[in-house]
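To start, the structure itself, in structure tokens.
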Amino acid sequence: MEHRGDAGLDSLESDCGTGELRDRVAEFVRRRVMPCEPVLDAGGPAADAALRRLREAAKEAGLWALPLPVELGGQGLPLARYARIAEAEGASDHGPAALGSAPLLDVTMLWNHGGDRIRELYPKRLTAGELRACYAMTEPGTPGTDPFLTATRAEEQADGGWRVSGRKWFTSGAAEANVVTVLARTDGADGDRSGLSLLLVPTGSPGFRVVRELPVFGATGQWEIEFDRVAVPADHLIGGRGRALAVAGERLQLGRTLRCLRWLGQAQRAFDLMCERAGSRTGSRGPLADHQLVQQHVFEALLALRTTRPLVHEAAARIAAGRDAHVEVGLAKVAAARMLQQVTDAAIQVHGAAGLGPDTPLPALFRTGRAARILDGPDELHVTSVARRVLRTYESHDSTRH
């Protein structure tokens with residue numbers, strides 16, 4: 001399947017080698033990963049075996065762990081170059097896991113903010129695919145957008161270690177994870193704006209329990225987990241006591257941007273399917289492509305793709321340059337989530353009943369698009385946050401004029 005709707009994309013490539021690598025990744029995802037999606041979506045032993053085969057194939061093809069640091073076994077591709085490749089990789093939800101870039105957030109966080117023991121034990125093995133990690137922040141009954149209300153607690157022990165108690169949910173990949181990063185209150189009272197810390201918990205520890213799976217519109221992969229006085233070594237504190245929000249904020253900016261890049265890839269996939277359907281489907285009144293209402297769907301979807309892509313890449317560029325990107329990430333996240341849902345919805349409409357069934361990836365893409373408007377903070381949170389930041393700049397300008 002060629003990406004006919006992304007004309008203009010190549011002009012944005014800053015390095016001809018990036019374009020070639022992107023094509024190789026796109027081909028791998030299209031020919032190797034996408035055919036395995038039904039098995040991977042179902043989970044279980046068959047999915048684990050399929051993922052292992054894909055990972056070995058990615059390593060053999062020289063496409064493994066492209067954005068991970070070289071010293072940890074990755075290929076060291078900088079974010080400025082990886083951003084374009086992330087679109088192709090993310091055309092399938094399973095692309096990042098198959099190609100070894102999925103642990104980028106965990107590896108970056110542990111390498112930058114973990115102590116010597118954490119850096120020794122985990123980043124290299126995560127990069128190699130020998131271990132899996134997950135990140136547990138939100139809790140049942142607690143607004144996920146308000147971390148200050150975190151009810152999970154970590155009590156310091158006489159030996160400097162911790163005992164973690166609490167429950168988390170919508171934790172991606174928790175059932176297969178070897179370690180989980182947990183947001184917990186180590187000091188202060190509920191609602192305090194300080195006293196939150198991040199701890200790395202081995203999931204084999206006594207007291208850790210997977211409570212239940214939480215299907216999202218029928219899809220697997222999200223879990224509720226419990227910590228019942230789980231012992232955590234003192235050297236498994238990440239970023240220092242009370243510094244959770246600073247570390248989490250850094251992680252979230254990069255994580256949201258990576259999601260947006262992958263949503264672009266999935267929207268492009270839906271757009272390609274829509275255009276191919278319009279060109280190949282013929283009724284008594286001729287090809288669908290000749291119908292003005294179908295043309296309208298194509299135009300609106302392409303407009304959404306083309307206007308969203310620069311926002312996402314601006315956010316990625318600012319993060320890569322080490323600049324503040326709160327406004328850019330907020331804009332990109334809302335725009336990309338809406339765009340994915342819009343483009344996939346249009347593709348389903350053009351497919352008709354076939355777009356609702358199991359013979360195309362459109363139902364899964366639409367599910368991702370709808371969930372995207374809640375993942376990593378709902379649209380409303382980002383709208384409010386961006387608007388407040390922008391308005392504050394005008395307040396400061398006004399004060400200097402008076």
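Ordered as shown in the structure tokens, chains take letters A, B, and onward, while each chain numbers its residues from 1 and ligands are numbered from 1 in the order shown.
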**Item:** Residue neighbourhood Leu126 (chain A), 10 Å, only C-alpha atoms, exclusion window fewer than 5 positions, as a ChimeraX atom specification
**Value:** /A:72-73,100,102-104,106-107,121,131-133,178-179
How would the residues just picked look written out with N, CA and C atoms as a compact mmCIF listing (two decimals), in the first residue's frame?
```txt
# COMPACT_ATOMS: atom_id res chain seq x y z
N LEU A 72 23.37 1.51 25.10
CA LEU A 72 22.46 0.54 25.71
C LEU A 72 22.04 -0.55 24.73
N GLY A 73 22.57 -0.49 23.51
CA GLY A 73 22.23 -1.50 22.53
C GLY A 73 21.28 -1.03 21.45
N GLY A 100 11.17 -2.61 18.67
CA GLY A 100 12.03 -2.33 19.81
C GLY A 100 12.10 -0.90 20.27
N ALA A 102 9.38 0.60 21.69
CA ALA A 102 8.36 0.77 22.72
C ALA A 102 8.93 1.16 24.09
N PRO A 103 10.10 0.64 24.52
CA PRO A 103 10.60 1.00 25.85
C PRO A 103 11.32 2.34 25.91
N LEU A 104 11.25 3.15 24.85
CA LEU A 104 12.00 4.40 24.82
C LEU A 104 11.73 5.27 26.05
N ASP A 106 10.55 4.44 29.09
CA ASP A 106 11.06 3.85 30.32
C ASP A 106 12.58 3.88 30.37
N VAL A 107 13.22 3.54 29.27
CA VAL A 107 14.68 3.54 29.25
C VAL A 107 15.23 4.94 29.46
N LEU A 121 20.88 -2.46 36.26
CA LEU A 121 20.01 -3.62 36.15
C LEU A 121 19.05 -3.61 34.96
N LEU A 131 13.48 -7.63 29.04
CA LEU A 131 12.55 -7.24 30.09
C LEU A 131 11.49 -6.32 29.50
N ARG A 132 10.36 -6.26 30.19
CA ARG A 132 9.30 -5.31 29.82
C ARG A 132 8.97 -4.45 31.03
N ALA A 133 8.61 -3.20 30.75
CA ALA A 133 8.28 -2.26 31.82
C ALA A 133 6.92 -1.65 31.56
N ASN A 178 7.91 -6.84 33.75
CA ASN A 178 8.82 -7.31 34.79
C ASN A 178 9.02 -6.27 35.87
N VAL A 179 8.88 -5.00 35.49
CA VAL A 179 8.99 -3.89 36.44
C VAL A 179 7.91 -2.87 36.13
```
**Message:** Give me, as a PyMOL selection string, the residues of region 41-96 of chain A that a backbone DSSP run labels helix (DSSP H, G or I).
**Reply:** chain A and resi 41-42+45-60+70-72+79-89+95-96
What are the closest atom pairs, with distances in Å to one decimal, for each residue of region 7-114 of chain A lying within 10 Å of region 354-376 of chain A, using only C-alpha atoms, rows by chain and rising residue number, as CSV?
```
residue,atom,partner,partner_atom,distance
A:Met34,CA,A:Pro361,CA,9.0
A:Glu37,CA,A:Pro361,CA,8.7
A:Pro38,CA,A:Pro358,CA,9.2
A:Asp41,CA,A:Ala364,CA,9.3
A:Ala91,CA,A:Leu365,CA,9.5
A:Ser92,CA,A:Leu365,CA,8.9
A:Asp93,CA,A:Leu365,CA,8.7
```
Write down as a CSV table (one decimal) with N, CA, C and O atoms, in the first residue's frame the residues of region 153-185 of chain A whose backbone DSSP state falls under strand (DSSP E).
```csv
chain,number,residue,atom,x,y,z
A,153,ARG,N,0.4,4.9,48.6
A,153,ARG,CA,1.4,5.4,49.5
A,153,ARG,C,2.6,4.5,49.6
A,153,ARG,O,2.5,3.3,49.4
A,154,ALA,N,3.7,5.2,49.8
A,154,ALA,CA,5.0,4.4,50.0
A,154,ALA,C,5.5,4.9,51.4
A,154,ALA,O,5.8,6.0,51.6
A,155,GLU,N,5.7,3.9,52.3
A,155,GLU,CA,6.2,4.2,53.7
A,155,GLU,C,7.6,3.8,53.8
A,155,GLU,O,8.0,2.7,53.4
A,156,GLU,N,8.4,4.8,54.3
A,156,GLU,CA,9.9,4.5,54.4
A,156,GLU,C,10.1,3.5,55.5
A,156,GLU,O,9.5,3.6,56.6
A,162,TRP,N,11.2,0.9,51.0
A,162,TRP,CA,9.9,1.4,51.1
A,162,TRP,C,8.9,0.2,51.0
A,162,TRP,O,9.2,-0.8,50.6
A,163,ARG,N,7.7,0.5,51.6
A,163,ARG,CA,6.6,-0.4,51.4
A,163,ARG,C,5.4,0.3,50.7
A,163,ARG,O,4.9,1.3,51.2
A,164,VAL,N,5.1,-0.2,49.5
A,164,VAL,CA,4.1,0.5,48.7
A,164,VAL,C,2.7,-0.2,48.8
A,164,VAL,O,2.6,-1.5,48.7
A,165,SER,N,1.7,0.6,49.0
A,165,SER,CA,0.3,0.1,49.1
A,165,SER,C,-0.6,0.9,48.3
A,165,SER,O,-0.5,2.2,48.4
A,166,GLY,N,-1.5,0.3,47.5
A,166,GLY,CA,-2.4,1.1,46.7
A,166,GLY,C,-2.8,0.3,45.5
A,166,GLY,O,-2.5,-0.9,45.3
A,167,ARG,N,-3.6,0.9,44.7
A,167,ARG,CA,-4.2,0.3,43.5
A,167,ARG,C,-4.1,1.2,42.3
A,167,ARG,O,-4.4,2.4,42.4
A,168,LYS,N,-3.7,0.7,41.1
A,168,LYS,CA,-3.6,1.5,39.9
A,168,LYS,C,-4.4,0.8,38.8
A,168,LYS,O,-4.6,-0.4,38.9
A,169,TRP,N,-4.9,1.6,37.8
A,169,TRP,CA,-5.6,1.0,36.7
A,169,TRP,C,-5.3,1.6,35.4
A,169,TRP,O,-4.6,2.6,35.4
A,170,PHE,N,-5.7,1.0,34.3
A,170,PHE,CA,-5.4,1.4,33.0
A,170,PHE,C,-3.9,1.5,32.8
A,170,PHE,O,-3.3,2.5,32.3
A,171,THR,N,-3.2,0.5,33.3
A,171,THR,CA,-1.8,0.4,33.2
A,171,THR,C,-1.4,-0.5,32.0
A,171,THR,O,-1.7,-1.8,32.1
A,172,SER,N,-0.9,0.1,31.0
A,172,SER,CA,-0.6,-0.7,29.7
A,172,SER,C,0.4,-1.8,29.9
A,172,SER,O,1.5,-1.5,30.5
A,179,VAL,N,8.9,-5.0,35.5
A,179,VAL,CA,9.0,-3.9,36.4
A,179,VAL,C,7.9,-2.9,36.1
A,179,VAL,O,7.5,-2.7,35.0
A,180,VAL,N,7.5,-2.2,37.2
A,180,VAL,CA,6.5,-1.1,37.0
A,180,VAL,C,6.9,0.1,37.8
A,180,VAL,O,7.3,0.0,38.9
A,181,THR,N,6.9,1.2,37.1
A,181,THR,CA,7.1,2.5,37.8
A,181,THR,C,5.8,3.0,38.4
A,181,THR,O,4.8,3.2,37.7
A,182,VAL,N,5.8,3.3,39.7
A,182,VAL,CA,4.6,3.6,40.4
A,182,VAL,C,4.7,5.1,41.0
A,182,VAL,O,5.7,5.4,41.6
A,183,LEU,N,3.7,5.8,40.7
A,183,LEU,CA,3.5,7.1,41.4
A,183,LEU,C,2.9,6.9,42.7
A,183,LEU,O,1.8,6.3,42.9
A,184,ALA,N,3.6,7.4,43.8
A,184,ALA,CA,3.1,7.1,45.1
A,184,ALA,C,3.4,8.4,46.0
A,184,ALA,O,4.4,9.1,45.8
A,185,ARG,N,2.6,8.5,47.0
A,185,ARG,CA,2.9,9.6,48.0
A,185,ARG,C,3.8,9.1,49.1
A,185,ARG,O,3.5,8.1,49.7
```
**Request:** Using only C-alpha atoms, determine which residues lie at most 12 Å from Asp159 (chain A), disregarding the query and same-chain residues fewer than 6 positions distant; provide the list as a list in words.
**Result:** Ala231, Val232, Pro233, Ala234 and Asp235 of chain A
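For the set A:Gly44, A:Pro310, A:Gly90, A:Pro123, the residue with the smallest atom-to-atom gap to Leu261 (chain A) is A:Gly90, counting only C-alpha atoms.
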